[in-house]
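Everything on this sheet refers to the single structure shown next.
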Amino acid sequence: MPSTKGSAAAAPTSKASSTPATKTPDAKCPVPAPATNKEDLANVPEYTTIPVLDVGIALDAPASAFTEPGPHGDALRALALQMREACTQCGFFLIKNHGVPDAQIEDMVSQCRRLFALPKEVKEQFRVGHNLGYFAIGEENLNPAVQVHDGDFKEGMDLVADVQDRRPGEVATPYPTNAQVPGFRAACEAYFDVMTKLGRAVMRVLAVAMGQPATFFDRALARPRSQLRLLRYPAAPPGMTEARLSCGAHTDYGGITMLAVDSPGLQVLVPSATASTSNSASDVVAHPTSRAHASIHGGTWMRVPVFPGTLVVNLADMIARYTNRTFHSTLHRVVHAGVDRDRFSIPFFFDMDAETVVQVLPQFVPGGELASKEIKETYFPEPIVFGEHLMRQVESTFGATGKQDKGEVAAS
Ligand SMILES: O=C(O)CCC(=O)C(=O)O
Ligand SMILES: [Fe+2]
C-alpha cells in the first residue's frame with residue numbers, strides 16, 4: 001500500500017453540464033416543491049471540486065501513530081486536517097489508495113448483476129423485513145414527504161456481517177445459494193472484511209479531525225453495525241421529477257458511508273458556502289427528519305463525478321450530531337434517467353453499535369474551539385441512542401407509500 005502524504009487535491013474535471021439546479025422562492029421558509037415536470041434533474045452541474053483524500057497512509061496506522069512526533073505522525077495529522085476541511089465544507093469526499101482492489105469492486109458489481117437478474121420469485125426468497133434482505137422497486141421511499149405516490153425507483157438487498165454473538169432479534173442475512181448466484185456469499189464476506197478494515201481506518205482519521213483521540217470511536221465500533229447494500233437502479237426515461245427519483249433526497253443515519261458505484265447518478269446538495277455557483281436551491285425536498293441533519297445553509301444539487309480507483313465517502317447523521325452540524329450529514333439523491341442501462345451501486349454503511357449514545361461534543365457547542373462560527377444554537381441538546389434513530393428512519397422510509405413493486409414502469 002503506498003503511504004504517500006495525504007492530499008486534498010480538487011478532483012479532475014469530467015464531462016460537466018451547467019444546467020442550473022432547481023430554484024426555490026424562499027430558502028428560509030421551505031414549502032414542498034411542486035413537481036415541476038419538464039426540468040431535467042439529471043442535468044445539474046458536476047461537483048468538480050469534490051475533495052480527494054489519499055488515505056493510504058492511514059490504513060495500517062495504529063491510533064498511537066497520530067500522536068507520534070516525526071514525519072509519519074505529521075502526515076497523519078495533515079490527513080486529519082484535510083478530512084476536517086472536507087467534512088466542514090460538504091460532508092462528501094472521495095478517497096484513493098483505500099486498499100480495496102478494483103477487481104474486487106468489479107466482482108461485487110458482477111454479483112449484483114447476477115443477483116438482480118434472478119427471477120422475481122427467487123429474489124422474494126431473500127426477503128426478511130425492513131433493512132435486511134431483498135426489497136423490490138418502490139418499496140423503500142427515502143423522501144416520503146415529497147415522493148407521496150411512489151417509492152424510490154430501485155431494488156436492493158441489505159446484508160449484515162455474520163457475528164458469533166448474535167443478539168436477540170438479530171437475524172442472519174439470507175444469502176442466495178451457490179447454485180443461485182455462484183460465489184455470491186464468499187464475495188460479500190470478503191467485501192465485509194476489507195470494508196470493515198477501511199472503515200476503522202477512516203474513523204480513526206475522522207476522530208482526529210473531530211479534535212478527539214484517534215481511539216474515540218473504538219468503543220462504539222467494538223461491534224460495528226456495518227451494513228452492506230446492493231442496489232440496482234433501472235434506467236428511467238428522461239424528465240424525472242422530485243415526485244419520483246431513483247433514490248429520494250435523504251441523509252444517511254449512522255457513522256460513515258463508503259460507496260462504490262459503476263456509473264454516475266449520485267447527486268449531493270453542496271452547501272452554498274462551498275458550491276462555486278449561484279444556482280442555489282434549498283433543502284425543501286428533504287425527508288423531514290433527515291432535514292434536521294442536513295446543511296443549514298441550503299445548497300446546490302451537484303453530480304458526484306466517478307473517478308476510477310476512488311470510493312465516495314459521506315458522513316451520516318451521528319457525525320452531524322457529535323459536531324452540532326459543523327460536519328455535514330449531507331442530503332443526497334440519485335437520478336438515473338435518460339440512459340439505457342441499469343446502474344449498480346454498493347453502499348457500505350459503517351455505523352456504530354446500535355446502543356451507542358451520541359451527544360454533541362464540547363468543542364462543537366456554539367463558541368467551542370471547533371464549532372462553525374455561523375452556528376448559534378445547539379441543535380441536538382439531548383443525547384440520542386443511535387439504534388433508536390436508525391429504527392425511526394427505517395420505519396418511516398420502508399413501505400411509506402404503500403405502493404411497492406410496480407414493476408419497471410415509466411418514472412414519471
Ligand atoms: O446509489 C448511490 O449512489 C447512493 C445510494 C444511497 O445514498 C443510499 O443507499 O443511502
Ligand atoms: Fe445515502
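FYI, nothing fancy with the C-alpha cells labels: chains A, B, ... in order, residues from 1 per chain, ligands from 1 as they appear.
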Name the residues, by chain letter and number, that sit within 9 Å of ligand 2 using only C-alpha atoms and all ligand atoms, and give them as a ChimeraX atom specification. /A:142,247,249-253,257,259,314,316,331-334,347,349
Per DSSP on the backbone, filter region 64-263 of chain A down to the residues in alpha helix (DSSP H) and report them as an NGL selection string. :A and (71-89 or 102-116 or 120-123 or 184-209)
Which one is closest to ligand 1: A:Met210, A:Leu361, A:Ala186, A:Met157? Count only C-alpha atoms and all ligand atoms. A:Met157
Which of region 217-387 of chain A end up as strand (DSSP E or B) when DSSP is run on this backbone - answer as a PyMOL selection string? chain A and resi 225-233+236+247-250+256-261+266-271+281+299-303+311-315+332-334+337+343-351+357-358+384-385
Which polymer residues have any atom within 7 Å of an atom of region 171-174 of chain A, counting only C-alpha atoms, with same-chain residues fewer than 6 positions away left out, as a list in words? Phe126, Leu132, Gly133, Leu159, Val160 and Asp162 of chain A
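When only C-alpha atoms are used to compute distances to Gly151 (chain A), the closest of the residues A:Thr196, A:Thr49, A:Ser246, A:Thr330 turns out to be A:Ser246.
Distance check against Val360 (chain A) using only C-alpha atoms: of A:Asn324, A:Gln212, A:Gln89, A:Ser372, the minimum falls on A:Asn324.
Counting only C-alpha atoms and all ligand atoms and comparing A:Asp262, A:Asp54, A:Asp193, A:Asp150, the residue that lies closest to ligand 1 is A:Asp262.
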Show which residues sit within 9 Å of Cys188 (chain A), as a VMD selection string. Count only C-alpha atoms, and ignore same-chain residues fewer than 4 positions away. chain A and resid 108 111 159 161 183 to 184 192 to 193 228
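The space separating CA of Ala58 (chain A) from CA of Ala201 (chain A) comes to 5.9 Å.
When CA of Gln180 (chain A) is paired with CA of Val109 (chain A), their separation reads 16.2 Å.
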Exercise: Phe327 (chain A) partners within 7 Å, only C-alpha atoms, chain neighbours under 6 positions left out, as a list in words: Cys87, Thr88, Gly91, Ile319 and Ala320 of chain A
Please produce a file of those selected residues containing N, CA, C and O atoms, as a tab-separated table (two decimals), in the first residue's frame.
```tsv
chain	number	residue	atom	x	y	z
A	87	CYS	N	-15.12	17.71	5.62
A	87	CYS	CA	-16.35	17.46	6.39
A	87	CYS	C	-17.09	18.75	6.71
A	87	CYS	O	-18.31	18.77	6.80
A	88	THR	N	-16.34	19.84	6.89
A	88	THR	CA	-17.00	21.11	7.20
A	88	THR	C	-17.49	21.79	5.92
A	88	THR	O	-18.41	22.59	5.95
A	91	GLY	N	-19.15	17.40	3.57
A	91	GLY	CA	-19.51	16.11	4.16
A	91	GLY	C	-19.43	14.96	3.17
A	91	GLY	O	-19.75	13.82	3.50
A	319	ILE	N	-22.57	11.73	12.99
A	319	ILE	CA	-21.40	12.61	12.97
A	319	ILE	C	-21.86	14.07	13.00
A	319	ILE	O	-21.25	14.92	13.66
A	320	ALA	N	-22.98	14.36	12.33
A	320	ALA	CA	-23.55	15.71	12.41
A	320	ALA	C	-23.93	16.02	13.86
A	320	ALA	O	-23.81	17.16	14.32
```
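Taking only C-alpha atoms into account, Pro264 (chain A) lies nearest to A:Pro305 out of the set A:Pro305, A:Gly138, A:Gly56, A:Pro69.
Counting only C-alpha atoms and all ligand atoms and comparing A:Pro101, A:Pro234, A:Pro381, A:Gly387, the residue that lies closest to ligand 1 is A:Pro234.
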